[in-house]
Amino acid sequence: MTHNTILQIDSSMRATGSLSRQVGQMVSHKLLQENPSLIINYRDVAQGLPLIDEEWINANFTPEDQRDEQTKGVLEFSDKLVSELKQAKYIVIASPTYNFNIPAYLKAWVDLIARARLTFKYTENGPVGLLNDKKAYLVIASGGVPVGSDADFVSQYLKRIMSFVGITDVKIIDATKVNLEQLTDNDAEALVA
C-alpha cells in the first residue's frame, strides 16, 4: 500500500483557541514542507464518532468471508478509519488532557482502528502490531498536568496504542512548551525531527 498522506487527527472540543490543534497543524504543515509529495488527510474526531457496541463487536469478530451486507455496513466507517491509518506515512494526533485522559471521541477513534487482522494480529506470544512503517507525533496539551509525569495518562496511553498497532517510532510533543508567537522555522523543524 502506498503511504501518501499525513493523517492529522484533532480531538479538542475547542474549535478555536485550542493549543493542541494549533501545534498539531504546525507539525503537519512542517512535515508537508519536508515531504511535498504527501497530502494532509484531516480528521476532526471532536465532530463525533460512533461508539462500538454489541453489533459492532459481533461484526468485527465475524470472519471476513462470512460477513453479509449488513455486517459489512456496520464496519464500513471503521474500515474507512483503518484505511486512512494504513495510507498514512505520518500520523499527527493532537490531544488535550481532559480529566487526566484523552477526549472521549479520541478513545472512540482508538476503539474503531484497533482491529484484529487489520492493524494487529494475535500470536502465540500475544498481539503484534501490523503498521510498522509509520511515524507518529503525539501533540499533547496538558493544562496543569506535566507531560511525562505520573499523572500524565494521555501520552502514555497514546504511545501504548501506537505500539499496539505496530507504530513504535513515536515522538511526544508537549504543546504547552511551544511558544507559537516566537516560533522560528528551526524550532518547528526540531519538533518534527
# chains A, B, ... in the order shown; residues from 1 in each chain; ligands from 1
>>> residues_around(residues="A:Ser78", least_positions_apart="5", cutoff="12 Å", atoms="only C-alpha atoms", output="PyMOL selection string")
chain A and resi 49-52+56-57+59-60+71-73+83-85+108-115+118-119
>>> write_last_selection(atoms="C-alpha atoms", output="mmCIF file, in the first residue's frame")
data_model
loop_
_atom_site.group_PDB
_atom_site.id
_atom_site.type_symbol
_atom_site.label_atom_id
_atom_site.label_comp_id
_atom_site.auth_asym_id
_atom_site.auth_seq_id
_atom_site.Cartn_x
_atom_site.Cartn_y
_atom_site.Cartn_z
ATOM 1 C CA LEU A 49 -17.642 9.298 16.045
ATOM 2 C CA PRO A 50 -19.826 6.254 16.596
ATOM 3 C CA LEU A 51 -19.102 4.185 19.666
ATOM 4 C CA ILE A 52 -18.548 0.476 19.364
ATOM 5 C CA TRP A 56 -20.072 -3.789 16.021
ATOM 6 C CA ILE A 57 -18.218 -6.315 18.208
ATOM 7 C CA ALA A 59 -19.485 -7.887 13.139
ATOM 8 C CA ASN A 60 -15.798 -7.345 13.841
ATOM 9 C CA THR A 71 -22.335 -6.847 8.832
ATOM 10 C CA LYS A 72 -20.136 -5.074 6.289
ATOM 11 C CA GLY A 73 -22.257 -1.949 6.727
ATOM 12 C CA SER A 83 -7.712 2.668 5.618
ATOM 13 C CA GLU A 84 -6.795 6.273 6.493
ATOM 14 C CA LEU A 85 -4.312 4.983 9.051
ATOM 15 C CA ALA A 108 -13.802 6.130 20.122
ATOM 16 C CA TRP A 109 -11.297 6.504 17.246
ATOM 17 C CA VAL A 110 -8.871 4.164 19.049
ATOM 18 C CA ASP A 111 -11.630 1.580 19.514
ATOM 19 C CA LEU A 112 -12.551 1.792 15.824
ATOM 20 C CA ILE A 113 -8.989 1.375 14.493
ATOM 21 C CA ALA A 114 -7.718 -1.324 16.881
ATOM 22 C CA ARG A 115 -8.833 -4.184 14.645
ATOM 23 C CA LEU A 118 -6.165 -5.298 10.120
ATOM 24 C CA THR A 119 -3.988 -3.259 12.495
#
>>> select_by_dssp(residues="stretch 52-189 of chain A", states="helix (DSSP H, G or I)", output="number ranges by chain")
A: 54-60, 64-66, 69-87, 104-113, 153-164, 175-177, 180-182, 185-189
>>> write_last_selection(atoms="C-alpha atoms", output="compact mmCIF listing (two decimals), in the first residue's frame")
# COMPACT_ATOMS: atom_id res chain seq x y z
CA GLU A 54 -22.51 -5.27 20.64
CA GLU A 55 -23.48 -5.22 16.95
CA TRP A 56 -20.07 -3.79 16.02
CA ILE A 57 -18.22 -6.32 18.21
CA ASN A 58 -20.13 -9.21 16.65
CA ALA A 59 -19.49 -7.89 13.14
CA ASN A 60 -15.80 -7.35 13.84
CA GLU A 64 -14.42 -11.56 6.67
CA ASP A 65 -15.57 -14.26 4.22
CA GLN A 66 -18.73 -14.81 6.32
CA GLU A 69 -24.07 -6.82 3.63
CA GLN A 70 -25.47 -5.73 7.00
CA THR A 71 -22.34 -6.85 8.83
CA LYS A 72 -20.14 -5.07 6.29
CA GLY A 73 -22.26 -1.95 6.73
CA VAL A 74 -21.72 -1.98 10.49
CA LEU A 75 -17.94 -1.99 9.93
CA GLU A 76 -17.87 0.42 6.98
CA PHE A 77 -16.89 3.55 8.93
CA SER A 78 -14.30 1.66 10.98
CA ASP A 79 -12.88 0.23 7.75
CA LYS A 80 -12.55 3.80 6.43
CA LEU A 81 -10.64 4.91 9.55
CA VAL A 82 -8.32 1.89 9.29
CA SER A 83 -7.71 2.67 5.62
CA GLU A 84 -6.79 6.27 6.49
CA LEU A 85 -4.31 4.98 9.05
CA LYS A 86 -2.79 2.45 6.65
CA GLN A 87 -2.33 5.08 3.92
CA ALA A 104 -14.00 10.52 24.60
CA TYR A 105 -14.14 10.83 20.81
CA LEU A 106 -10.42 10.16 20.51
CA LYS A 107 -10.99 7.00 22.55
CA ALA A 108 -13.80 6.13 20.12
CA TRP A 109 -11.30 6.50 17.25
CA VAL A 110 -8.87 4.16 19.05
CA ASP A 111 -11.63 1.58 19.51
CA LEU A 112 -12.55 1.79 15.82
CA ILE A 113 -8.99 1.38 14.49
CA PHE A 153 -2.06 9.23 31.21
CA VAL A 154 -2.54 10.85 27.78
CA SER A 155 0.94 10.48 26.33
CA GLN A 156 1.44 7.07 27.99
CA TYR A 157 -1.87 5.75 26.65
CA LEU A 158 -1.49 7.09 23.11
CA LYS A 159 2.09 5.83 22.88
CA ARG A 160 0.92 2.40 24.03
CA ILE A 161 -1.89 2.35 21.46
CA MET A 162 0.53 3.32 18.68
CA SER A 163 2.85 0.50 19.76
CA PHE A 164 -0.09 -1.92 19.93
CA ALA A 175 2.26 21.69 23.21
CA THR A 176 2.38 23.79 26.38
CA LYS A 177 6.13 24.31 25.81
CA LEU A 180 3.68 29.89 18.88
CA GLU A 181 4.25 33.65 18.85
CA GLN A 182 8.04 33.37 18.79
CA ASP A 185 11.49 27.78 11.38
CA ASN A 186 14.35 25.99 13.19
CA ASP A 187 12.09 25.47 16.23
CA ALA A 188 9.38 23.97 14.01
CA GLU A 189 11.95 21.77 12.29
>>> select_by_dssp(residues="chain A", states="strand (DSSP E or B)", output="JSON, numbers by chain")
{"A": [5, 6, 7, 8, 9, 10, 39, 40, 41, 42, 43, 44, 88, 89, 90, 91, 92, 93, 94, 95, 96, 98, 101, 116, 120, 121, 122, 123, 126, 127, 128, 129, 135, 136, 137, 138, 139, 140, 141, 169, 170, 171, 172, 173, 174]}
>>> closest_residue(among="A:Asp68, A:Asp152, A:Asp44, A:Asp53", to="A:Ile9", atoms="only C-alpha atoms")
A:Asp44
>>> residues_around(residues="stretch 142-146 of chain A", least_positions_apart="2", cutoff="6 Å", atoms="only C-alpha atoms", output="list in words")
Pro96, Thr97, Ile140 and Ser149 of chain A
>>> write_last_selection(atoms="N, CA and C atoms", output="short mmCIF file (atom, residue, chain, number, x, y, z; two decimals), in the first residue's frame")
data_model
loop_
_atom_site.label_atom_id
_atom_site.label_comp_id
_atom_site.auth_asym_id
_atom_site.auth_seq_id
_atom_site.Cartn_x
_atom_site.Cartn_y
_atom_site.Cartn_z
N PRO A 96 -5.93 17.29 23.75
CA PRO A 96 -5.88 17.94 25.05
C PRO A 96 -5.95 16.88 26.15
N THR A 97 -5.77 17.31 27.37
CA THR A 97 -5.94 16.43 28.52
C THR A 97 -7.25 16.80 29.19
N ILE A 140 0.46 16.91 22.75
CA ILE A 140 -0.33 16.88 23.97
C ILE A 140 -0.40 18.27 24.60
N SER A 149 4.77 13.16 33.46
CA SER A 149 4.65 12.94 34.91
C SER A 149 3.79 11.71 35.18
#
>>> atom_distance(atom1="atom CA of A:Lys30", atom2="atom CA of A:Asn179")
15.7 Å
>>> closest_atom_pairs(of="stretch 76-115 of chain A", to="stretch 12-21 of chain A", cutoff="8 Å", atoms="only C-alpha atoms", output="CSV")
residue,atom,partner,partner_atom,distance
A:Ala94,CA,A:Ser20,CA,5.2
A:Ser95,CA,A:Ser20,CA,5.8
A:Pro96,CA,A:Ser12,CA,5.8
A:Pro103,CA,A:Ser12,CA,7.2
>>> atom_distance(atom1="atom CA of A:Tyr122", atom2="atom CA of A:Val165")
11.3 Å
>>> decode(residues="stretch 48-82 of chain A", atoms="N, CA and C atoms", output="PDB file, in the first residue's frame")
ATOM      1  N   GLY A  48     -17.473  14.117  16.376  1.00  0.00           N
ATOM      2  CA  GLY A  48     -18.260  12.953  16.789  1.00  0.00           C
ATOM      3  C   GLY A  48     -17.926  11.712  15.985  1.00  0.00           C
ATOM      4  N   LEU A  49     -17.863  10.607  16.660  1.00  0.00           N
ATOM      5  CA  LEU A  49     -17.642   9.298  16.045  1.00  0.00           C
ATOM      6  C   LEU A  49     -18.601   8.312  16.694  1.00  0.00           C
ATOM      7  N   PRO A  50     -18.981   7.272  15.961  1.00  0.00           N
ATOM      8  CA  PRO A  50     -19.826   6.254  16.596  1.00  0.00           C
ATOM      9  C   PRO A  50     -19.033   5.480  17.638  1.00  0.00           C
ATOM     10  N   LEU A  51     -19.724   5.035  18.655  1.00  0.00           N
ATOM     11  CA  LEU A  51     -19.102   4.185  19.666  1.00  0.00           C
ATOM     12  C   LEU A  51     -19.315   2.733  19.287  1.00  0.00           C
ATOM     13  N   ILE A  52     -18.346   1.896  19.641  1.00  0.00           N
ATOM     14  CA  ILE A  52     -18.548   0.476  19.364  1.00  0.00           C
ATOM     15  C   ILE A  52     -19.636  -0.049  20.301  1.00  0.00           C
ATOM     16  N   ASP A  53     -20.396  -1.001  19.812  1.00  0.00           N
ATOM     17  CA  ASP A  53     -21.470  -1.609  20.583  1.00  0.00           C
ATOM     18  C   ASP A  53     -21.481  -3.110  20.300  1.00  0.00           C
ATOM     19  N   GLU A  54     -22.473  -3.811  20.804  1.00  0.00           N
ATOM     20  CA  GLU A  54     -22.510  -5.265  20.637  1.00  0.00           C
ATOM     21  C   GLU A  54     -22.583  -5.663  19.164  1.00  0.00           C
ATOM     22  N   GLU A  55     -23.365  -4.916  18.375  1.00  0.00           N
ATOM     23  CA  GLU A  55     -23.479  -5.225  16.950  1.00  0.00           C
ATOM     24  C   GLU A  55     -22.121  -5.075  16.257  1.00  0.00           C
ATOM     25  N   TRP A  56     -21.391  -4.010  16.610  1.00  0.00           N
ATOM     26  CA  TRP A  56     -20.072  -3.789  16.021  1.00  0.00           C
ATOM     27  C   TRP A  56     -19.112  -4.907  16.432  1.00  0.00           C
ATOM     28  N   ILE A  57     -19.111  -5.242  17.720  1.00  0.00           N
ATOM     29  CA  ILE A  57     -18.218  -6.315  18.208  1.00  0.00           C
ATOM     30  C   ILE A  57     -18.499  -7.616  17.461  1.00  0.00           C
ATOM     31  N   ASN A  58     -19.769  -7.973  17.351  1.00  0.00           N
ATOM     32  CA  ASN A  58     -20.128  -9.206  16.651  1.00  0.00           C
ATOM     33  C   ASN A  58     -19.692  -9.161  15.186  1.00  0.00           C
ATOM     34  N   ALA A  59     -19.895  -8.030  14.539  1.00  0.00           N
ATOM     35  CA  ALA A  59     -19.485  -7.887  13.139  1.00  0.00           C
ATOM     36  C   ALA A  59     -17.970  -7.991  13.001  1.00  0.00           C
ATOM     37  N   ASN A  60     -17.255  -7.347  13.897  1.00  0.00           N
ATOM     38  CA  ASN A  60     -15.798  -7.345  13.841  1.00  0.00           C
ATOM     39  C   ASN A  60     -15.225  -8.747  14.010  1.00  0.00           C
ATOM     40  N   PHE A  61     -15.843  -9.553  14.835  1.00  0.00           N
ATOM     41  CA  PHE A  61     -15.325 -10.899  15.071  1.00  0.00           C
ATOM     42  C   PHE A  61     -15.918 -11.942  14.131  1.00  0.00           C
ATOM     43  N   THR A  62     -16.756 -11.517  13.198  1.00  0.00           N
ATOM     44  CA  THR A  62     -17.235 -12.423  12.153  1.00  0.00           C
ATOM     45  C   THR A  62     -16.143 -12.519  11.094  1.00  0.00           C
ATOM     46  N   PRO A  63     -15.704 -13.719  10.739  1.00  0.00           N
ATOM     47  CA  PRO A  63     -14.673 -13.836   9.698  1.00  0.00           C
ATOM     48  C   PRO A  63     -15.096 -13.087   8.435  1.00  0.00           C
ATOM     49  N   GLU A  64     -14.124 -12.441   7.803  1.00  0.00           N
ATOM     50  CA  GLU A  64     -14.423 -11.563   6.665  1.00  0.00           C
ATOM     51  C   GLU A  64     -15.211 -12.284   5.572  1.00  0.00           C
ATOM     52  N   ASP A  65     -14.878 -13.539   5.290  1.00  0.00           N
ATOM     53  CA  ASP A  65     -15.567 -14.263   4.225  1.00  0.00           C
ATOM     54  C   ASP A  65     -16.984 -14.692   4.616  1.00  0.00           C
ATOM     55  N   GLN A  66     -17.375 -14.453   5.866  1.00  0.00           N
ATOM     56  CA  GLN A  66     -18.727 -14.806   6.316  1.00  0.00           C
ATOM     57  C   GLN A  66     -19.599 -13.575   6.584  1.00  0.00           C
ATOM     58  N   ARG A  67     -19.087 -12.388   6.289  1.00  0.00           N
ATOM     59  CA  ARG A  67     -19.844 -11.169   6.551  1.00  0.00           C
ATOM     60  C   ARG A  67     -20.865 -10.923   5.449  1.00  0.00           C
ATOM     61  N   ASP A  68     -22.100 -10.660   5.866  1.00  0.00           N
ATOM     62  CA  ASP A  68     -23.135 -10.286   4.904  1.00  0.00           C
ATOM     63  C   ASP A  68     -23.134  -8.769   4.734  1.00  0.00           C
ATOM     64  N   GLU A  69     -24.043  -8.252   3.914  1.00  0.00           N
ATOM     65  CA  GLU A  69     -24.071  -6.815   3.631  1.00  0.00           C
ATOM     66  C   GLU A  69     -24.321  -5.991   4.889  1.00  0.00           C
ATOM     67  N   GLN A  70     -25.189  -6.470   5.767  1.00  0.00           N
ATOM     68  CA  GLN A  70     -25.468  -5.726   7.000  1.00  0.00           C
ATOM     69  C   GLN A  70     -24.222  -5.673   7.885  1.00  0.00           C
ATOM     70  N   THR A  71     -23.548  -6.796   8.018  1.00  0.00           N
ATOM     71  CA  THR A  71     -22.335  -6.847   8.832  1.00  0.00           C
ATOM     72  C   THR A  71     -21.264  -5.931   8.253  1.00  0.00           C
ATOM     73  N   LYS A  72     -21.108  -5.952   6.939  1.00  0.00           N
ATOM     74  CA  LYS A  72     -20.136  -5.074   6.289  1.00  0.00           C
ATOM     75  C   LYS A  72     -20.501  -3.610   6.524  1.00  0.00           C
ATOM     76  N   GLY A  73     -21.791  -3.312   6.500  1.00  0.00           N
ATOM     77  CA  GLY A  73     -22.257  -1.949   6.727  1.00  0.00           C
ATOM     78  C   GLY A  73     -21.932  -1.451   8.129  1.00  0.00           C
ATOM     79  N   VAL A  74     -22.035  -2.340   9.097  1.00  0.00           N
ATOM     80  CA  VAL A  74     -21.717  -1.984  10.486  1.00  0.00           C
ATOM     81  C   VAL A  74     -20.250  -1.586  10.619  1.00  0.00           C
ATOM     82  N   LEU A  75     -19.384  -2.229   9.850  1.00  0.00           N
ATOM     83  CA  LEU A  75     -17.940  -1.991   9.933  1.00  0.00           C
ATOM     84  C   LEU A  75     -17.434  -0.957   8.928  1.00  0.00           C
ATOM     85  N   GLU A  76     -18.296  -0.448   8.084  1.00  0.00           N
ATOM     86  CA  GLU A  76     -17.867   0.425   6.984  1.00  0.00           C
ATOM     87  C   GLU A  76     -17.080   1.651   7.460  1.00  0.00           C
ATOM     88  N   PHE A  77     -17.577   2.350   8.461  1.00  0.00           N
ATOM     89  CA  PHE A  77     -16.891   3.550   8.931  1.00  0.00           C
ATOM     90  C   PHE A  77     -15.560   3.182   9.581  1.00  0.00           C
ATOM     91  N   SER A  78     -15.543   2.129  10.368  1.00  0.00           N
ATOM     92  CA  SER A  78     -14.303   1.657  10.980  1.00  0.00           C
ATOM     93  C   SER A  78     -13.294   1.274   9.908  1.00  0.00           C
ATOM     94  N   ASP A  79     -13.756   0.598   8.860  1.00  0.00           N
ATOM     95  CA  ASP A  79     -12.876   0.230   7.750  1.00  0.00           C
ATOM     96  C   ASP A  79     -12.258   1.480   7.122  1.00  0.00           C
ATOM     97  N   LYS A  80     -13.047   2.544   7.003  1.00  0.00           N
ATOM     98  CA  LYS A  80     -12.552   3.800   6.429  1.00  0.00           C
ATOM     99  C   LYS A  80     -11.451   4.392   7.312  1.00  0.00           C
ATOM    100  N   LEU A  81     -11.659   4.391   8.630  1.00  0.00           N
ATOM    101  CA  LEU A  81     -10.643   4.915   9.547  1.00  0.00           C
ATOM    102  C   LEU A  81      -9.359   4.088   9.480  1.00  0.00           C
ATOM    103  N   VAL A  82      -9.493   2.770   9.398  1.00  0.00           N
ATOM    104  CA  VAL A  82      -8.317   1.894   9.291  1.00  0.00           C
ATOM    105  C   VAL A  82      -7.580   2.174   7.983  1.00  0.00           C
TER     106      VAL A  82
END
